[in-house]
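Taking it in order: structure first as structure tokens, then the write-up.
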Amino acid sequence: MKELIVKVLENAPLADGIYKLKFSLPEKMCCLRCGKFVNISVGDSAHLLRRPLAICEYDEKSVTVCYQLKGSGTKSLSKVRAGESLSCVLPLGNGFTLEENEKRIALVGGGVGVFPMISVLREFENSDKRFYSYMGFRNRGAVCMEETFRALSEKSEIVTDDGSYQKRGNAVSAFFDDIGNAKPDVILSCGPAPMLRALKAGLSERGLKIPCYVSLEERMGCGIGACLVCVCKKTGGAANARVCKDGPVFEIGEVEI
Amino acid sequence: MKELIVKVLENAPLADGIYKLKFSLPEKMCCLRCGKFVNISVGDSAHLLRRPLAICEYDEKSVTVCYQLKGSGTKSLSKVRAGESLSCVLPLGNGFTLEENEKRIALVGGGVGVFPMISVLREFENSDKRFYSYMGFRNRGAVCMEETFRALSEKSEIVTDDGSYQKRGNAVSAFFDDIGNAKPDVILSCGPAPMLRALKAGLSERGLKIPCYVSLEERMGCGIGACLVCVCKKTGGAANARVCKDGPVFEIGEVEI
Amino acid sequence: MADLKVNLCGVEFKNPVIAASGTFGFGKEFDALYDIGVLGGISTKGLTLEKRLGNAVPRIAEGRSVILNAVGLQNPGLDAFLAEDLDFLKSKNTVIIANVAGKTVEDYEEICARLDGKVDMIELNISCPNVKCGGMAFGIRPESVYTVTAASKKNLKKTPLIVKLSPNVESIAANAAAAEKGGADCVSLINTLTGMAIDLERRRPLLANNTGGVSGAGIKPIALRMVYEVSKAVSVPIIGMGGIVSAEDALEFIVAGASAVQVGTANFTDTLAMPKIIEGMNAWLDAHGIAGVQELCGTLKMNG
Amino acid sequence: MADLKVNLCGVEFKNPVIAASGTFGFGKEFDALYDIGVLGGISTKGLTLEKRLGNAVPRIAEGRSVILNAVGLQNPGLDAFLAEDLDFLKSKNTVIIANVAGKTVEDYEEICARLDGKVDMIELNISCPNVKCGGMAFGIRPESVYTVTAASKKNLKKTPLIVKLSPNVESIAANAAAAEKGGADCVSLINTLTGMAIDLERRRPLLANNTGGVSGAGIKPIALRMVYEVSKAVSVPIIGMGGIVSAEDALEFIVAGASAVQVGTANFTDTLAMPKIIEGMNAWLDAHGIAGVQELCGTLKMNG
Ligand SMILES: Cc1cc2nc3c(=O)[nH]c(=O)nc-3n(C[C@H](O)[C@H](O)[C@H](O)COP(=O)(O)OP(=O)(O)OC[C@H]3O[C@@H](n4cnc5c(N)ncnc54)[C@H](O)[C@@H]3O)c2cc1C
Ligand SMILES: Cc1cc2nc3c(=O)[nH]c(=O)nc-3n(C[C@H](O)[C@H](O)[C@H](O)COP(=O)(O)OP(=O)(O)OC[C@H]3O[C@@H](n4cnc5c(N)ncnc54)[C@H](O)[C@@H]3O)c2cc1C
Ligand SMILES: Cc1cc2nc3c(=O)[nH]c(=O)nc-3n(C[C@H](O)[C@H](O)[C@H](O)COP(=O)(O)O)c2cc1C
Ligand SMILES: Cc1cc2nc3c(=O)[nH]c(=O)nc-3n(C[C@H](O)[C@H](O)[C@H](O)COP(=O)(O)O)c2cc1C
Ligand code: FES
Ligand code: FES
């Protein structure tokens, strides 16, 4: 984990309100892994806080993140041009891990939660893992990375909240509808809290004991575990866990969502 | 006078610690004149104040200003790249005017004060005015626009504080040494307050009554005459004048420098 | 088009956006950039009985997303204002608020008496931190806020009184309550926070006056908290200000309890700040299907 | 290489740069980025007798060049700190300052008694605005500042006492004097200003705690003025903080009267902020031919 000055290679729209940012690494970086994230400056000194963004794709010399334009920071980030530099602390968080015996993997992603799912597919591209991907988007305009999901998944379903593209619905219902076919050994998921809550409820309603890991979002300060700004409650509420340091990936039963 | 979003055409070093910024005007601009100035944003939202910079050169479609890197604002301005936009209020201030019968003009410029002097030379390029230019710089590295001064002046002298280029000395002494030759009908000057004080003292010591106009610098807020931040004292101290609105050009006897 | 009209103490504003005292002069200069008649109102440069030359320069310094000013109430004096500046403002279709300051309670009494009925509202500046001998002292403790308010109100038969509160206090809510008790028809807040900028090379303050008033976007969270706090302490209407740059900022102040807002420093950064804020408020209200801006006033719900 | 050493109440600091409480935890995390032994000192996360889970999330919001936080003193409690965190800090060659907070005077007494002799200095947080039932109340009036300082000092036979002052007061100089009278060996200022950030769409405060502490570059001018003001009111040494980002910022606080500085929010923006500040101070002092940083302390000259 290091703070680096990175150079922007690409920073362009990918879908409605979604930008793809690719930046080069000034030096070889160890421990880059799927499900980890970066904490990046937004190119405007009035924003004191970095924005946490999931590693979507990476190689020796570069990292790609995809971000939705929401507030003033991501708006400012979208104006940064190729060739400019940003300050980035990476890689952060624990990331997703897959056991040797976990061969059939269900990926359930919603909204910006689809991007860390891409990083999992990339990492196990030539492995013996078989992925069943269920990705939910707001509408047709927001859909992105569809080809990558299809290319790297045994089976890939895209759903939209308003039904303007392929099936109407959300990623969790699409997953449960197809669970008989997917028969996953493990479930990896990322998306807004309501979606993760639906996944948790769905599993317990069906009495399913499949190991399930979720990547959470919380507002951050330091991003490296020191300031206790980004906590979530551990199940039972007797202790807190830091999303940035103890997470962002948690076993679904471990934390209150 | 208008607030415009202008596009940066050029923004590159001109001399040691001096940048030349040329920007395009989105529409035809009336009343651009030598000695006026622009109030321009610096491309970083943490700087709430615009920077006042003298119009150095202008045409129908563009304006050029030259600025010294001093504090954080000009530093931020120097990082703005061609193609980016800035917000600019222009043209501001009264500017220099020359009477019909003022044929021989002495230009006395010091430091960044040389840039408005260029605007005078440009404006009267093909006129019957004859210019005697005396320009002072910190050192050889800071010297710029020498060719323009030589090309557009009857006579042009460059002096440096440390003598590292041409004559050692300052613009005011160079001017007074040559006043017998220049025999100016009017003197136009811009530079740091100490230099303008020396000019005023020099004129009164020699009992000279030559009309002399100086362009002052003061820290500004609105830049358009409303907030009374940028005042200087009128001679006698009974009233204030606004450098941005009543100036920046004043008859040398009119204000306390 | 949403309804932006707001009525403060019987005075009708076409919209809640008012130019903050000291950043807009008496309107002439900005009128060269846009018709200032579009504004809800204008609070004039702080007026004193006698003409004042104000502090030495430099009178302004910059921080990160804030500025400091120490103009020192330079103004033409009440008579010159009445003779030379008021008519221009009257020719514009906008609410005229005379911001006034004094060194003694008697000053405030006299200036109010002489302005009564000549302007739409009077805003007492009891907190401008620049003037050594007056201003600041009144705005600190509730007792002196009460005294100067009551003395001023006594001389105001026709013109509603706004008391402008300083943030450099223990409890701005207690001061607001004291102003209300003293007869204030309205309170406006916040005036500037007191700060210092240092020239490290010369080891001297950058402002000739040493300290100055801090304003601008960086202090918005402090101003917003204070407007909310005051809205829970008084029932008179509130004019909120402090770092407002965008329509969203203005609407946040209204949600926190303000009926109208003032915009000051943002006019330096963007000369068209206020017209854009008015337009932006309209667009936001339409997009959210809200008919009138006053429906938002004080609708902030607390968490937990 | 200039001499950056500073001695506060007998405690030797290798340089005047200290990590501000609450932004640096107990040092482990930042030590993964650089050897925190380079720092002059570290002020721990605010410690309370019992373990605390702190406030609900969101605990942080952003303004322009400022942030708001409402962590609510989540900390492992005194015992866990002594058992699990102190040793790591001791393994690092840096001054250990335990920041402590309590709900009652008795809390402060007990926590000081139990920490006496175990850390290099103790910093009383009497102004952290998050905790509803304690903290904030002590830091408002001089009388309560005096009471809590005297009670704490009574139990400190070996460890020097720093009292950390709140800026949300009428006169921070009066509070500093009260702390000095109560036996404080040193004062540190400023803690956070109280502010609010609003989510306009939900019409609710962004922070779950509704209000939070404002910090970061935007509030530097206010902190700087307060350090200068306090330097004229007390003779005990001052630790200055509030918006320090660069070496120049730190040196400005020292010129204004601080003997040492703390850096908090800047660690979020730039994880290497403090090492850069230390380097920058060295370079500035060498460039200006100044042998030791303490020569600058309190050398600010007023204008006019
Ligand atoms: C571990 C992690 C990974 C993430 N990965 C992605 C990603 O790959 N793509 C993507 O589009 N978004 C991602 N997010 C969410 C992203 O961080 C926020 O959308 C972004 O910070 C919003 O910033 P803003 O400037 O648009 O919003 P503003 O409202 O201006 O932000 C104000 C503050 O709130 C924080 N904030 C606001 N919303 C969120 C949020 N949902 N989560 C965390 N912090 C927030 C900002 O970081 C900033 O500190 C991730 C969040 C976390 C915690
Ligand atoms: C009418 C006029 C014309 C000018 N023309 C030129 C020019 O052509 N080229 C050039 O290099 N400089 C010129 N200057 C000076 C230029 O405005 C300052 O050098 C510049 O504003 C410094 O900003 P900064 O960000 O570097 O300094 P900072 O210290 O970061 O500035 C802080 C604040 O002080 C103001 N400020 C600082 N120094 C000055 C100064 N000397 N005069 C006015 N404001 C100042 C800044 O504008 C800003 O508001 C002119 C000034 C005036 C008033
Ligand atoms: C240059 C300047 C001059 C000011 N003069 C006055 C004044 O004369 N009287 C007054 O009550 N407030 C004065 N103020 C304070 C503003 O009216 C306003 O209360 C404050 O700046 C906060 O609003 P803002 O952040 O939008 O600027 C002045 C502010 C500035 C920046
Ligand atoms: C996230 C966060 C947590 C903080 N926690 C504490 C605390 O526990 N105790 C305390 O006295 N101050 C606390 N503070 C205040 C800082 O120590 C410091 O006084 C303040 O932030 C101003 O300095 P800065 O602008 O450099 O951050 C905290 C600040 C932040 C940003
Ligand atoms: S953001 Fe600081 S601990 Fe997670
Ligand atoms: S800068 Fe506002 S009057 Fe000149």
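Starting from 1 in every chain, residues are counted up; chains themselves are A, B, ... following the order of the structure tokens, and ligands are numbered from 1 as listed.
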Residues within 8 Å of ligand 3 (only C-alpha atoms and all ligand atoms), as a tab-separated table (two decimals) with N, CA, C and O atoms, in the first residue's frame?
chain	number	residue	atom	x	y	z
B	221	GLY	N	-10.65	42.95	-4.80
B	221	GLY	CA	-11.73	42.01	-4.49
B	221	GLY	C	-12.60	41.86	-5.72
B	221	GLY	O	-12.42	40.98	-6.55
B	227	CYS	N	-16.36	47.19	-4.14
B	227	CYS	CA	-16.10	46.75	-2.75
B	227	CYS	C	-15.11	47.65	-1.98
B	227	CYS	O	-14.95	47.45	-0.76
B	228	LEU	N	-14.46	48.59	-2.64
B	228	LEU	CA	-13.54	49.55	-1.99
B	228	LEU	C	-12.35	48.86	-1.34
B	228	LEU	O	-11.77	49.39	-0.38
B	229	VAL	N	-11.97	47.69	-1.86
B	229	VAL	CA	-10.81	46.97	-1.28
B	229	VAL	C	-9.51	47.55	-1.83
B	229	VAL	O	-8.50	47.59	-1.14
C	20	ALA	N	-25.11	40.87	-0.40
C	20	ALA	CA	-24.63	41.09	0.98
C	20	ALA	C	-23.86	42.41	1.07
C	20	ALA	O	-23.13	42.81	0.15
C	21	SER	N	-24.05	43.08	2.21
C	21	SER	CA	-23.41	44.39	2.42
C	21	SER	C	-21.90	44.32	2.23
C	21	SER	O	-21.24	43.37	2.63
C	22	GLY	N	-21.37	45.33	1.56
C	22	GLY	CA	-19.92	45.48	1.46
C	22	GLY	C	-19.30	44.85	0.22
C	22	GLY	O	-18.16	45.14	-0.13
C	23	THR	N	-20.08	44.00	-0.47
C	23	THR	CA	-19.52	43.33	-1.66
C	23	THR	C	-20.17	43.86	-2.93
C	23	THR	O	-19.82	43.45	-4.04
C	43	SER	N	-28.36	44.82	0.06
C	43	SER	CA	-27.97	45.43	1.33
C	43	SER	C	-26.76	46.31	1.04
C	43	SER	O	-25.75	45.84	0.52
C	44	THR	N	-26.89	47.59	1.36
C	44	THR	CA	-25.86	48.55	0.95
C	44	THR	C	-24.57	48.34	1.73
C	44	THR	O	-24.54	47.68	2.77
C	45	LYS	N	-23.48	48.96	1.23
C	45	LYS	CA	-22.25	49.06	1.99
C	45	LYS	C	-22.59	49.68	3.36
C	45	LYS	O	-23.51	50.48	3.47
C	46	GLY	N	-21.91	49.24	4.38
C	46	GLY	CA	-22.20	49.73	5.73
C	46	GLY	C	-22.12	51.25	5.81
C	46	GLY	O	-21.09	51.83	5.44
C	47	LEU	N	-23.19	51.89	6.25
C	47	LEU	CA	-23.26	53.36	6.31
C	47	LEU	C	-23.03	53.83	7.74
C	47	LEU	O	-23.51	53.21	8.70
C	60	ILE	N	-7.46	43.15	1.80
C	60	ILE	CA	-7.99	41.83	1.46
C	60	ILE	C	-6.84	40.83	1.43
C	60	ILE	O	-5.69	41.17	1.13
C	66	VAL	N	-11.60	30.66	1.17
C	66	VAL	CA	-12.10	31.78	2.00
C	66	VAL	C	-11.27	33.03	1.66
C	66	VAL	O	-10.22	32.93	1.04
C	67	ILE	N	-11.82	34.20	2.01
C	67	ILE	CA	-11.02	35.44	1.95
C	67	ILE	C	-11.12	36.13	3.30
C	67	ILE	O	-12.00	35.80	4.11
C	68	LEU	N	-10.22	37.04	3.52
C	68	LEU	CA	-10.28	37.91	4.72
C	68	LEU	C	-10.37	39.35	4.21
C	68	LEU	O	-9.68	39.71	3.25
C	69	ASN	N	-11.21	40.17	4.86
C	69	ASN	CA	-11.26	41.58	4.46
C	69	ASN	C	-11.21	42.47	5.68
C	69	ASN	O	-11.70	42.10	6.75
C	70	ALA	N	-10.61	43.62	5.49
C	70	ALA	CA	-10.60	44.63	6.56
C	70	ALA	C	-10.74	45.99	5.90
C	70	ALA	O	-9.81	46.80	5.90
C	71	VAL	N	-11.89	46.21	5.29
C	71	VAL	CA	-12.11	47.47	4.57
C	71	VAL	C	-12.24	48.61	5.57
C	71	VAL	O	-11.71	49.71	5.36
C	72	GLY	N	-12.90	48.32	6.71
C	72	GLY	CA	-12.97	49.34	7.76
C	72	GLY	C	-14.08	50.36	7.50
C	72	GLY	O	-13.94	51.56	7.79
C	73	LEU	N	-15.17	49.86	6.94
C	73	LEU	CA	-16.39	50.68	6.76
C	73	LEU	C	-16.17	51.98	6.00
C	73	LEU	O	-16.78	53.01	6.32
C	74	GLN	N	-15.26	51.95	4.95
C	74	GLN	CA	-15.18	53.17	4.12
C	74	GLN	C	-16.56	53.38	3.50
C	74	GLN	O	-17.15	52.47	2.91
C	99	ASN	N	-27.62	49.02	5.23
C	99	ASN	CA	-26.80	48.43	6.31
C	99	ASN	C	-26.14	49.59	7.04
C	99	ASN	O	-25.55	50.47	6.43
C	100	VAL	N	-26.29	49.61	8.38
C	100	VAL	CA	-25.78	50.77	9.13
C	100	VAL	C	-24.90	50.29	10.29
C	100	VAL	O	-25.11	49.21	10.84
C	101	ALA	N	-23.93	51.13	10.61
C	101	ALA	CA	-23.03	50.81	11.74
C	101	ALA	C	-22.75	52.10	12.50
C	101	ALA	O	-22.82	53.20	11.94
C	123	GLU	N	-30.61	47.26	8.17
C	123	GLU	CA	-29.86	46.12	8.73
C	123	GLU	C	-28.77	46.69	9.64
C	123	GLU	O	-27.87	47.40	9.19
C	124	LEU	N	-28.90	46.38	10.96
C	124	LEU	CA	-27.90	46.86	11.94
C	124	LEU	C	-26.66	45.97	11.89
C	124	LEU	O	-26.73	44.78	12.21
C	125	ASN	N	-25.53	46.56	11.53
C	125	ASN	CA	-24.28	45.81	11.58
C	125	ASN	C	-23.66	46.01	12.96
C	125	ASN	O	-23.01	47.02	13.20
C	126	ILE	N	-23.91	45.07	13.84
C	126	ILE	CA	-23.37	45.20	15.19
C	126	ILE	C	-22.17	44.26	15.35
C	126	ILE	O	-21.70	43.99	16.45
C	127	SER	N	-21.67	43.74	14.21
C	127	SER	CA	-20.66	42.67	14.37
C	127	SER	C	-19.49	42.82	13.40
C	127	SER	O	-18.64	41.94	13.34
C	128	CYS	N	-19.51	43.91	12.61
C	128	CYS	CA	-18.40	44.03	11.65
C	128	CYS	C	-17.11	44.16	12.45
C	128	CYS	O	-16.96	45.07	13.25
C	164	LYS	N	-28.07	42.15	12.31
C	164	LYS	CA	-27.12	41.22	11.70
C	164	LYS	C	-26.16	40.71	12.77
C	164	LYS	O	-25.48	41.50	13.42
C	189	LEU	N	-27.80	36.54	9.50
C	189	LEU	CA	-26.53	35.94	9.98
C	189	LEU	C	-25.96	35.03	8.91
C	189	LEU	O	-26.71	34.47	8.11
C	190	ILE	N	-24.53	34.94	8.77
C	190	ILE	CA	-23.60	35.41	9.77
C	190	ILE	C	-22.75	36.53	9.16
C	190	ILE	O	-22.53	36.57	7.94
C	191	ASN	N	-22.31	37.41	10.03
C	191	ASN	CA	-21.28	38.34	9.58
C	191	ASN	C	-19.97	37.54	9.57
C	191	ASN	O	-19.98	36.32	9.78
C	192	THR	N	-18.86	38.20	9.32
C	192	THR	CA	-17.61	37.45	9.12
C	192	THR	C	-17.02	36.92	10.42
C	192	THR	O	-17.19	37.53	11.49
C	213	GLY	N	-12.16	40.02	8.54
C	213	GLY	CA	-13.35	39.17	8.55
C	213	GLY	C	-13.22	38.05	7.53
C	213	GLY	O	-12.93	38.32	6.36
C	214	VAL	N	-13.41	36.81	7.99
C	214	VAL	CA	-13.29	35.65	7.09
C	214	VAL	C	-14.67	35.35	6.48
C	214	VAL	O	-15.68	35.30	7.20
C	215	SER	N	-14.70	35.16	5.19
C	215	SER	CA	-15.97	34.86	4.50
C	215	SER	C	-15.71	33.95	3.31
C	215	SER	O	-14.55	33.64	3.01
C	216	GLY	N	-16.76	33.49	2.67
C	216	GLY	CA	-16.60	32.67	1.47
C	216	GLY	C	-16.93	31.19	1.71
C	216	GLY	O	-17.14	30.76	2.84
C	217	ALA	N	-16.91	30.41	0.63
C	217	ALA	CA	-17.40	29.02	0.62
C	217	ALA	C	-16.91	28.17	1.79
C	217	ALA	O	-17.65	27.37	2.35
C	219	ILE	N	-16.50	28.68	4.86
C	219	ILE	CA	-17.16	28.81	6.18
C	219	ILE	C	-18.64	28.46	6.12
C	219	ILE	O	-19.38	28.62	7.12
C	220	LYS	N	-19.10	27.93	4.98
C	220	LYS	CA	-20.54	27.64	4.85
C	220	LYS	C	-21.04	26.69	5.95
C	220	LYS	O	-22.08	26.96	6.56
C	241	MET	N	-26.70	33.78	5.50
C	241	MET	CA	-25.58	34.04	4.58
C	241	MET	C	-24.31	33.43	5.17
C	241	MET	O	-24.24	33.15	6.37
C	242	GLY	N	-23.31	33.28	4.27
C	242	GLY	CA	-22.03	32.74	4.72
C	242	GLY	C	-21.58	31.65	3.77
C	242	GLY	O	-21.98	30.50	3.92
C	243	GLY	N	-20.84	32.01	2.73
C	243	GLY	CA	-20.29	31.02	1.81
C	243	GLY	C	-21.24	30.49	0.75
C	243	GLY	O	-20.97	29.46	0.14
C	244	ILE	N	-22.36	31.20	0.53
C	244	ILE	CA	-23.29	30.73	-0.50
C	244	ILE	C	-22.72	31.01	-1.90
C	244	ILE	O	-22.33	32.14	-2.20
C	245	VAL	N	-22.64	29.96	-2.71
C	245	VAL	CA	-22.09	30.07	-4.07
C	245	VAL	C	-23.13	29.62	-5.10
C	245	VAL	O	-23.29	30.24	-6.16
C	262	GLN	N	-28.38	36.02	1.74
C	262	GLN	CA	-27.51	37.05	1.15
C	262	GLN	C	-26.29	36.36	0.56
C	262	GLN	O	-25.84	35.33	1.08
C	263	VAL	N	-25.79	36.96	-0.51
C	263	VAL	CA	-24.61	36.42	-1.20
C	263	VAL	C	-23.56	37.54	-1.28
C	263	VAL	O	-23.84	38.61	-1.80
C	264	GLY	N	-22.37	37.27	-0.76
C	264	GLY	CA	-21.34	38.31	-0.74
C	264	GLY	C	-20.11	37.91	-1.54
C	264	GLY	O	-19.99	38.21	-2.73
C	265	THR	N	-19.21	37.17	-0.91
C	265	THR	CA	-17.91	36.84	-1.53
C	265	THR	C	-18.06	36.18	-2.90
C	265	THR	O	-17.24	36.41	-3.80
C	266	ALA	N	-19.11	35.40	-3.10
C	266	ALA	CA	-19.29	34.70	-4.38
C	266	ALA	C	-19.37	35.69	-5.54
C	266	ALA	O	-19.02	35.36	-6.67
(request) Please identify the residues whose atoms come within 7 Å of ligand 5, using only C-alpha atoms and all ligand atoms, and report them as an NGL selection string. (result) :A and (220-231 or 242-245)
(message) Tell me as a PyMOL selection string which residues belonging to chain A come within 7 Å of chain B, counting only C-alpha atoms.
(response) chain A and resi 44-46
For those residues, write C-alpha atoms to a file as a PDB file, in the first residue's frame.
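Output file part11.pdb is given in full below:
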ATOM      1  CA  ASP A  44      -9.352  20.149  -7.342  1.00  0.00           C
ATOM      2  CA  SER A  45      -7.701  21.368  -4.156  1.00  0.00           C
ATOM      3  CA  ALA A  46     -11.016  22.450  -2.560  1.00  0.00           C
TER       4      ALA A  46
END
Output as a tab-separated table one row per residue of chain D within 8 Å of chain C: the closest atom pair and its distance in Å to one decimal place, counting only C-alpha atoms, sorted by chain and residue number ascending.
residue	atom	partner	partner_atom	distance
D:Gly63	CA	C:Gly218	CA	6.6
D:Arg64	CA	C:Gly218	CA	4.9
D:Ser65	CA	C:Gly218	CA	5.9
D:Val66	CA	C:Gly218	CA	6.3
D:Ile140	CA	C:Glu170	CA	7.5
D:Asn168	CA	C:Glu170	CA	6.4
D:Val169	CA	C:Glu170	CA	4.5
D:Glu170	CA	C:Val169	CA	4.5
D:Ser171	CA	C:Val169	CA	7.9
D:Leu193	CA	C:Ile222	CA	7.2
D:Thr194	CA	C:Ile222	CA	6.2
D:Gly195	CA	C:Ile222	CA	4.3
D:Met196	CA	C:Arg225	CA	4.8
D:Ala197	CA	C:Pro221	CA	5.7
D:Ile198	CA	C:Glu252	CA	6.4
D:Asp199	CA	C:Glu252	CA	7.9
D:Leu200	CA	C:Glu252	CA	6.0
D:Arg203	CA	C:Leu300	CA	5.1
D:Arg204	CA	C:Lys301	CA	5.2
D:Pro205	CA	C:Met302	CA	6.6
D:Ala208	CA	C:Asn303	CA	5.7
D:Asn209	CA	C:Asn303	CA	6.8
D:Asn210	CA	C:Asn303	CA	6.2
D:Thr211	CA	C:Arg225	CA	7.2
D:Val214	CA	C:Pro221	CA	7.5
D:Ala217	CA	C:Arg64	CA	6.0
D:Gly218	CA	C:Arg64	CA	4.9
D:Ile219	CA	C:Gly218	CA	7.3
D:Lys220	CA	C:Gly63	CA	7.6
D:Pro221	CA	C:Gly195	CA	4.7
D:Ile222	CA	C:Gly195	CA	4.3
D:Ala223	CA	C:Gly195	CA	7.4
D:Leu224	CA	C:Met196	CA	6.0
D:Arg225	CA	C:Met196	CA	4.9
D:Met226	CA	C:Gly195	CA	7.8
D:Glu248	CA	C:Leu200	CA	7.3
D:Leu251	CA	C:Leu200	CA	7.5
D:Glu252	CA	C:Leu200	CA	6.0
D:Val255	CA	C:Arg203	CA	6.8
D:Thr299	CA	C:Arg203	CA	7.0
D:Leu300	CA	C:Arg203	CA	5.1
D:Lys301	CA	C:Arg204	CA	5.2
D:Met302	CA	C:Arg204	CA	5.9
D:Asn303	CA	C:Ala208	CA	5.7
D:Gly304	CA	C:Ala208	CA	7.0
(request) Let me have all residues with an atom within 6 Å of ligand 2, counting only C-alpha atoms and all ligand atoms, laid out as a PyMOL selection string. (result) (chain B and resi 37+49+51-54+65-74+112+115+217-219+248) or (chain C and resi 61-62)
Skip Pro192 (chain A) itself and residues of its chain fewer than 4 positions away, then list as a compact mmCIF listing (two decimals) with N, CA and C atoms, in the first residue's frame all residues within 8 Å of it, counting only C-alpha atoms.
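Output below, filename selection_37.txt:
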# COMPACT_ATOMS: atom_id res chain seq x y z
N GLY A 110 -24.70 -4.69 -8.48
CA GLY A 110 -25.73 -3.67 -8.73
C GLY A 110 -25.11 -2.29 -8.85
N GLY A 111 -25.53 -1.55 -9.87
CA GLY A 111 -25.04 -0.18 -10.06
C GLY A 111 -23.53 -0.16 -10.20
N GLY A 113 -21.57 -1.33 -8.28
CA GLY A 113 -21.03 -2.56 -7.71
C GLY A 113 -20.58 -3.56 -8.79
N LEU A 196 -27.86 -5.56 -1.01
CA LEU A 196 -27.16 -6.57 -0.20
C LEU A 196 -28.08 -7.12 0.88
N LEU A 216 -18.71 -3.62 0.87
CA LEU A 216 -19.56 -2.52 1.35
C LEU A 216 -19.00 -1.15 0.93
N GLU A 217 -19.92 -0.18 0.98
CA GLU A 217 -19.53 1.22 0.72
C GLU A 217 -19.80 2.02 1.99
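We find CA of Pro116 (chain B) and CA of Lys22 (chain B) to be spaced 14.7 Å apart.
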(request) Pick out each residue of region 128-214 of chain C that DSSP on the backbone tags as helix (DSSP H, G or I); I need them as an MDAnalysis selection string. (result) chainID C and resid 135:137 142:154 172:181
(request) List the neighbours of region 153-167 of chain B out to 7 Å using only C-alpha atoms; skip same-chain residues closer than 3 positions along the sequence, and give me the result as a PyMOL selection string. (result) chain B and resi 130-140+149-150+170-171
(message) Which residue is closest to ligand 6? Choose from C:Thr48, C:Gln294, C:Asn75, C:Ser235 and count only C-alpha atoms and all ligand atoms.
(response)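 Looking at the shortest contact to ligand 6, the residue is C:Asn75.
Residue-level DSSP output for region 203-246 of chain D, from the backbone, shows strand (DSSP E) at Arg204, Pro205, Thr211, Gly212, Gly213, Val214, Ser215, Ile238, Ile239, Gly240 and Met241 of chain D.
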Write a file of the just-selected residues containing N, CA and C atoms, as a short mmCIF file (atom, residue, chain, number, x, y, z; two decimals), in the first residue's frame.
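New file again_16.cif:
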data_model
loop_
_atom_site.label_atom_id
_atom_site.label_comp_id
_atom_site.auth_asym_id
_atom_site.auth_seq_id
_atom_site.Cartn_x
_atom_site.Cartn_y
_atom_site.Cartn_z
N ARG D 204 -32.00 16.40 5.18
CA ARG D 204 -31.48 15.96 6.48
C ARG D 204 -29.99 16.31 6.53
N PRO D 205 -29.44 16.49 7.78
CA PRO D 205 -27.99 16.65 7.86
C PRO D 205 -27.29 15.42 7.30
N THR D 211 -24.73 17.58 13.65
CA THR D 211 -23.62 18.55 13.55
C THR D 211 -22.30 17.81 13.70
N GLY D 212 -21.21 18.47 13.33
CA GLY D 212 -19.89 17.84 13.44
C GLY D 212 -18.81 18.90 13.56
N GLY D 213 -17.59 18.45 13.71
CA GLY D 213 -16.45 19.36 13.88
C GLY D 213 -15.86 19.73 12.53
N VAL D 214 -15.72 21.03 12.28
CA VAL D 214 -15.17 21.50 11.00
C VAL D 214 -13.65 21.65 11.15
N SER D 215 -12.91 21.14 10.19
CA SER D 215 -11.44 21.22 10.23
C SER D 215 -10.90 21.31 8.80
N ILE D 238 2.46 27.06 23.59
CA ILE D 238 1.24 26.84 22.80
C ILE D 238 1.54 25.83 21.68
N ILE D 239 0.62 24.86 21.51
CA ILE D 239 0.68 23.98 20.33
C ILE D 239 -0.44 24.43 19.41
N GLY D 240 -0.07 24.86 18.18
CA GLY D 240 -1.06 25.43 17.26
C GLY D 240 -1.49 24.42 16.22
N MET D 241 -2.78 24.42 15.91
CA MET D 241 -3.29 23.54 14.85
C MET D 241 -4.56 24.14 14.26
#
(request) Could you check which of D:Leu272, D:Ala179, D:Ala2, D:Cys297 is closest to chain A, using only C-alpha atoms? (result) D:Leu272
(request) Quote the spacing between CA of Lys234 (chain B) and CA of Asp246 (chain B) in Å to one decimal place. (result)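 Going from CA of Lys234 (chain B) over to CA of Asp246 (chain B) covers 10.9 Å.
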